[in-house]
Amino acid sequence: QLQLVESGGDLVQPGGSLRLSCAASGFALDHYPIGWFRQAPGKEREGISCISSSGLSTNYADSVKGRFTISRDNAKRTVYLQMNTLKPEDTAVYYCAAADPLSNWWHLLPREFASWGQGTQVTVSS
């Protein structure tokens, strides 16, 4: 059974940085593309970044491009999201999710991702 657990969420001031982690258990992480999503109160879940199973290909939403970096360490079964220059509008619950490699995961649509973590809260505020 696929299990993903996010961690690293916190309260941070605007302009600050955080690194989120997504730890996998119960499966070989290197089989799956992984996406990061976020959901703010009253808003739809937004796909912000994804990474191929090998880690060689990445994609970012325009809202985070140039500020966030996704990476993975398959030996540690962990995917990371480094978030820099954080803004108040980045405040949300952040989720990681695993996709079937044959799905259209590259387009960061939540429906293409089958296994989800429970989320971690990121709050950007002074």
# chains A, B, ... in the order shown; residues from 1 in each chain; ligands from 1
call {"tool": "residues_around", "arguments": {"residues": "A:Glu46", "least_positions_apart": "6", "cutoff": "12 Å", "atoms": "only C-alpha atoms", "output": "ChimeraX atom specification"}}
result
/A:35-40,60-64,90,92-96,107-111
call {"tool": "closest_residue", "arguments": {"among": "A:Thr69, A:Ser126, A:Ser52, A:Thr85", "to": "A:Leu102", "atoms": "only C-alpha atoms"}}
result
A:Ser52
call {"tool": "closest_residue", "arguments": {"among": "A:Leu81, A:Pro33, A:Gly117, A:Ala24", "to": "A:Asn104", "atoms": "only C-alpha atoms"}}
result
A:Pro33
call {"tool": "atom_distance", "arguments": {"atom1": "atom CA of A:Ile34", "atom2": "atom CA of A:Thr58"}}
result
9.7 Å
call {"tool": "residues_around", "arguments": {"residues": "A:Leu2", "least_positions_apart": "5", "cutoff": "8 Å", "atoms": "only C-alpha atoms", "output": "PDB file with N, CA, C and O atoms, in the first residue's frame"}}
result
ATOM      1  N   ALA A  24       8.062   8.319   1.552  1.00  0.00           N
ATOM      2  CA  ALA A  24       7.245   7.211   1.068  1.00  0.00           C
ATOM      3  C   ALA A  24       7.535   5.940   1.855  1.00  0.00           C
ATOM      4  O   ALA A  24       8.672   5.695   2.265  1.00  0.00           O
ATOM      5  N   SER A  25       6.513   5.152   2.037  1.00  0.00           N
ATOM      6  CA  SER A  25       6.684   3.840   2.642  1.00  0.00           C
ATOM      7  C   SER A  25       5.746   2.867   1.956  1.00  0.00           C
ATOM      8  O   SER A  25       4.741   3.256   1.378  1.00  0.00           O
ATOM      9  N   GLY A  26       6.110   1.596   2.020  1.00  0.00           N
ATOM     10  CA  GLY A  26       5.248   0.577   1.457  1.00  0.00           C
ATOM     11  C   GLY A  26       5.428   0.352  -0.025  1.00  0.00           C
ATOM     12  O   GLY A  26       4.764  -0.504  -0.609  1.00  0.00           O
ATOM     13  N   PHE A  27       6.323   1.123  -0.675  1.00  0.00           N
ATOM     14  CA  PHE A  27       6.537   0.927  -2.095  1.00  0.00           C
ATOM     15  C   PHE A  27       7.868   1.529  -2.497  1.00  0.00           C
ATOM     16  O   PHE A  27       8.458   2.322  -1.763  1.00  0.00           O
ATOM     17  N   SER A 115      -2.339   8.479  -5.142  1.00  0.00           N
ATOM     18  CA  SER A 115      -2.017   8.290  -3.729  1.00  0.00           C
ATOM     19  C   SER A 115      -1.557   9.618  -3.143  1.00  0.00           C
ATOM     20  O   SER A 115      -0.624  10.224  -3.673  1.00  0.00           O
TER      21      SER A 115
END
call {"tool": "residues_around", "arguments": {"residues": "A:Tyr32", "least_positions_apart": "4", "cutoff": "10 Å", "atoms": "only C-alpha atoms", "output": "JSON, numbers by chain"}}
result
{"A": [27, 28, 51, 52, 53, 54, 97, 98, 99, 100, 101, 102, 105]}
call {"tool": "write_last_selection", "arguments": {"atoms": "N, CA, C and O atoms", "output": "short mmCIF file (atom, residue, chain, number, x, y, z; two decimals), in the first residue's frame"}}
result
data_model
loop_
_atom_site.label_atom_id
_atom_site.label_comp_id
_atom_site.auth_asym_id
_atom_site.auth_seq_id
_atom_site.Cartn_x
_atom_site.Cartn_y
_atom_site.Cartn_z
N PHE A 27 6.32 1.12 -0.68
CA PHE A 27 6.54 0.93 -2.10
C PHE A 27 7.87 1.53 -2.50
O PHE A 27 8.46 2.32 -1.76
N ALA A 28 8.32 1.14 -3.68
CA ALA A 28 9.57 1.68 -4.21
C ALA A 28 9.28 3.02 -4.86
O ALA A 28 8.63 3.10 -5.90
N ILE A 51 7.86 15.85 -10.55
CA ILE A 51 9.17 15.33 -10.90
C ILE A 51 9.02 13.90 -11.39
O ILE A 51 8.22 13.12 -10.85
N SER A 52 9.77 13.56 -12.42
CA SER A 52 9.70 12.22 -12.97
C SER A 52 10.28 11.20 -12.00
O SER A 52 10.96 11.57 -11.04
N SER A 53 10.05 9.94 -12.26
CA SER A 53 10.51 8.89 -11.36
C SER A 53 12.04 8.88 -11.23
O SER A 53 12.57 8.59 -10.16
N SER A 54 12.73 9.24 -12.30
CA SER A 54 14.19 9.28 -12.26
C SER A 54 14.72 10.56 -11.65
O SER A 54 15.89 10.62 -11.25
N ALA A 97 1.83 13.74 -3.81
CA ALA A 97 1.02 12.67 -4.36
C ALA A 97 1.83 11.89 -5.40
O ALA A 97 2.71 12.46 -6.07
N ALA A 98 1.52 10.62 -5.52
CA ALA A 98 2.19 9.74 -6.49
C ALA A 98 1.25 9.44 -7.65
O ALA A 98 0.05 9.26 -7.46
N ALA A 99 1.83 9.41 -8.83
CA ALA A 99 1.05 9.15 -10.03
C ALA A 99 1.48 7.87 -10.71
O ALA A 99 2.63 7.44 -10.60
N ASP A 100 0.56 7.28 -11.43
CA ASP A 100 0.89 6.18 -12.33
C ASP A 100 1.80 6.74 -13.41
O ASP A 100 1.48 7.77 -14.02
N PRO A 101 2.94 6.10 -13.66
CA PRO A 101 3.86 6.63 -14.68
C PRO A 101 3.23 6.76 -16.07
O PRO A 101 3.71 7.56 -16.88
N LEU A 102 2.17 6.01 -16.34
CA LEU A 102 1.53 6.05 -17.65
C LEU A 102 0.42 7.10 -17.73
O LEU A 102 -0.19 7.29 -18.77
N TRP A 105 0.57 12.77 -15.77
CA TRP A 105 0.99 13.44 -14.53
C TRP A 105 1.69 14.76 -14.80
O TRP A 105 1.66 15.66 -13.95
#
call {"tool": "residues_around", "arguments": {"residues": "stretch 13-19 of chain A", "least_positions_apart": "6", "cutoff": "8 Å", "atoms": "only C-alpha atoms", "output": "list in words"}}
result
Tyr80, Leu81, Gln82, Met83, Asn84, Thr85, Leu86, Lys87, Pro88, Val124, Ser125 and Ser126 of chain A
call {"tool": "write_last_selection", "arguments": {"atoms": "N, CA, C and O atoms", "output": "mmCIF file, in the first residue's frame"}}
result
data_model
loop_
_atom_site.group_PDB
_atom_site.id
_atom_site.type_symbol
_atom_site.label_atom_id
_atom_site.label_comp_id
_atom_site.auth_asym_id
_atom_site.auth_seq_id
_atom_site.Cartn_x
_atom_site.Cartn_y
_atom_site.Cartn_z
ATOM 1 N N TYR A 80 11.550 16.243 -2.123
ATOM 2 C CA TYR A 80 11.663 17.521 -1.427
ATOM 3 C C TYR A 80 11.059 18.645 -2.260
ATOM 4 O O TYR A 80 11.037 18.594 -3.480
ATOM 5 N N LEU A 81 10.628 19.670 -1.564
ATOM 6 C CA LEU A 81 10.222 20.909 -2.212
ATOM 7 C C LEU A 81 10.886 22.042 -1.457
ATOM 8 O O LEU A 81 10.501 22.361 -0.333
ATOM 9 N N GLN A 82 11.913 22.621 -2.079
ATOM 10 C CA GLN A 82 12.585 23.785 -1.497
ATOM 11 C C GLN A 82 11.827 25.027 -1.932
ATOM 12 O O GLN A 82 11.663 25.269 -3.137
ATOM 13 N N MET A 83 11.383 25.804 -0.963
ATOM 14 C CA MET A 83 10.578 26.988 -1.238
ATOM 15 C C MET A 83 11.321 28.215 -0.755
ATOM 16 O O MET A 83 11.574 28.349 0.451
ATOM 17 N N ASN A 84 11.655 29.091 -1.668
ATOM 18 C CA ASN A 84 12.366 30.321 -1.346
ATOM 19 C C ASN A 84 11.505 31.530 -1.676
ATOM 20 O O ASN A 84 10.534 31.429 -2.421
ATOM 21 N N THR A 85 11.892 32.665 -1.126
ATOM 22 C CA THR A 85 11.189 33.935 -1.372
ATOM 23 C C THR A 85 9.684 33.756 -1.201
ATOM 24 O O THR A 85 8.867 34.106 -2.067
ATOM 25 N N LEU A 86 9.302 33.203 -0.085
ATOM 26 C CA LEU A 86 7.893 32.899 0.158
ATOM 27 C C LEU A 86 7.070 34.167 0.284
ATOM 28 O O LEU A 86 7.539 35.203 0.800
ATOM 29 N N LYS A 87 5.828 34.074 -0.189
ATOM 30 C CA LYS A 87 4.895 35.185 -0.189
ATOM 31 C C LYS A 87 3.655 34.795 0.614
ATOM 32 O O LYS A 87 3.345 33.598 0.740
ATOM 33 N N PRO A 88 2.917 35.779 1.117
ATOM 34 C CA PRO A 88 1.682 35.439 1.848
ATOM 35 C C PRO A 88 0.732 34.579 1.019
ATOM 36 O O PRO A 88 0.035 33.713 1.583
ATOM 37 N N VAL A 124 2.619 31.849 5.597
ATOM 38 C CA VAL A 124 3.576 32.928 5.348
ATOM 39 C C VAL A 124 2.941 34.222 5.835
ATOM 40 O O VAL A 124 1.977 34.717 5.249
ATOM 41 N N SER A 125 3.482 34.736 6.912
ATOM 42 C CA SER A 125 2.885 35.913 7.529
ATOM 43 C C SER A 125 3.918 36.612 8.398
ATOM 44 O O SER A 125 4.784 35.960 9.000
ATOM 45 N N SER A 126 3.794 37.932 8.478
ATOM 46 C CA SER A 126 4.670 38.686 9.364
ATOM 47 C C SER A 126 4.015 38.881 10.725
ATOM 48 O O SER A 126 4.619 39.484 11.618
#
call {"tool": "residues_around", "arguments": {"residues": "A:Glu6", "least_positions_apart": "4", "cutoff": "7 Å", "atoms": "only C-alpha atoms", "output": "ChimeraX atom specification"}}
result
/A:20-23,95-96,117-120
call {"tool": "closest_residue", "arguments": {"among": "A:Leu29, A:Arg72, A:Thr91, A:Glu44", "to": "A:Gln3", "atoms": "only C-alpha atoms"}}
result
A:Leu29
call {"tool": "atom_distance", "arguments": {"atom1": "atom CA of A:Val79", "atom2": "atom CA of A:Val12"}}
result
21.0 Å
call {"tool": "select_by_dssp", "arguments": {"residues": "chain A", "states": "helix (DSSP H, G or I)", "output": "PyMOL selection string"}}
result
chain A and resi 29-31+74-76+88-90+105-107+110-112
call {"tool": "write_last_selection", "arguments": {"atoms": "C-alpha atoms", "output": "compact mmCIF listing (two decimals), in the first residue's frame"}}
result
# COMPACT_ATOMS: atom_id res chain seq x y z
CA LEU A 29 9.44 5.41 -4.72
CA ASP A 30 11.56 5.30 -7.86
CA HIS A 31 8.67 3.76 -9.80
CA ASN A 74 15.05 7.63 -4.28
CA ALA A 75 17.49 5.85 -1.99
CA LYS A 76 15.92 7.72 0.94
CA PRO A 88 1.68 35.44 1.85
CA GLU A 89 -0.19 33.97 -1.12
CA ASP A 90 1.85 30.77 -0.71
CA TRP A 105 0.99 13.44 -14.53
CA TRP A 106 3.12 16.12 -16.25
CA HIS A 107 0.14 18.47 -16.45
CA PRO A 110 -4.97 16.23 -9.26
CA ARG A 111 -7.07 13.53 -10.94
CA GLU A 112 -3.92 11.97 -12.43
call {"tool": "decode", "arguments": {"residues": "stretch 9-31 of chain A", "atoms": "N, CA and C atoms", "output": "compact mmCIF listing (two decimals), in the first residue's frame"}}
result
# COMPACT_ATOMS: atom_id res chain seq x y z
N GLY A 9 6.24 21.77 7.12
CA GLY A 9 5.44 22.97 7.12
C GLY A 9 5.64 23.78 8.40
N ASP A 10 5.48 25.09 8.28
CA ASP A 10 5.74 25.95 9.43
C ASP A 10 5.19 27.34 9.15
N LEU A 11 5.30 28.19 10.16
CA LEU A 11 5.01 29.62 10.01
C LEU A 11 6.32 30.32 9.66
N VAL A 12 6.32 31.09 8.58
CA VAL A 12 7.53 31.75 8.13
C VAL A 12 7.18 33.17 7.67
N GLN A 13 8.12 34.07 7.80
CA GLN A 13 7.89 35.45 7.38
C GLN A 13 8.02 35.57 5.86
N PRO A 14 7.36 36.55 5.28
CA PRO A 14 7.54 36.80 3.84
C PRO A 14 9.01 36.97 3.49
N GLY A 15 9.39 36.36 2.36
CA GLY A 15 10.79 36.37 1.96
C GLY A 15 11.60 35.22 2.50
N GLY A 16 11.03 34.47 3.41
CA GLY A 16 11.73 33.36 4.02
C GLY A 16 11.70 32.10 3.17
N SER A 17 12.28 31.04 3.73
CA SER A 17 12.39 29.77 3.02
C SER A 17 11.93 28.61 3.90
N LEU A 18 11.49 27.56 3.24
CA LEU A 18 11.15 26.31 3.90
C LEU A 18 11.49 25.18 2.96
N ARG A 19 11.76 24.01 3.52
CA ARG A 19 11.92 22.81 2.72
C ARG A 19 10.93 21.77 3.21
N LEU A 20 10.05 21.38 2.32
CA LEU A 20 9.09 20.33 2.63
C LEU A 20 9.66 18.98 2.20
N SER A 21 9.29 17.95 2.95
CA SER A 21 9.69 16.58 2.61
C SER A 21 8.46 15.72 2.43
N CYS A 22 8.58 14.77 1.55
CA CYS A 22 7.51 13.79 1.29
C CYS A 22 8.16 12.42 1.37
N ALA A 23 7.89 11.71 2.45
CA ALA A 23 8.50 10.40 2.68
C ALA A 23 7.54 9.29 2.28
N ALA A 24 8.06 8.32 1.55
CA ALA A 24 7.25 7.21 1.07
C ALA A 24 7.53 5.94 1.85
N SER A 25 6.51 5.15 2.04
CA SER A 25 6.68 3.84 2.64
C SER A 25 5.75 2.87 1.96
N GLY A 26 6.11 1.60 2.02
CA GLY A 26 5.25 0.58 1.46
C GLY A 26 5.43 0.35 -0.03
N PHE A 27 6.32 1.12 -0.68
CA PHE A 27 6.54 0.93 -2.10
C PHE A 27 7.87 1.53 -2.50
N ALA A 28 8.32 1.14 -3.68
CA ALA A 28 9.57 1.68 -4.21
C ALA A 28 9.28 3.02 -4.86
N LEU A 29 9.76 4.07 -4.24
CA LEU A 29 9.44 5.41 -4.72
C LEU A 29 9.90 5.64 -6.15
N ASP A 30 10.99 4.99 -6.55
CA ASP A 30 11.56 5.30 -7.86
C ASP A 30 10.72 4.79 -9.02
N HIS A 31 9.58 4.17 -8.73
CA HIS A 31 8.67 3.76 -9.80
C HIS A 31 7.70 4.87 -10.21
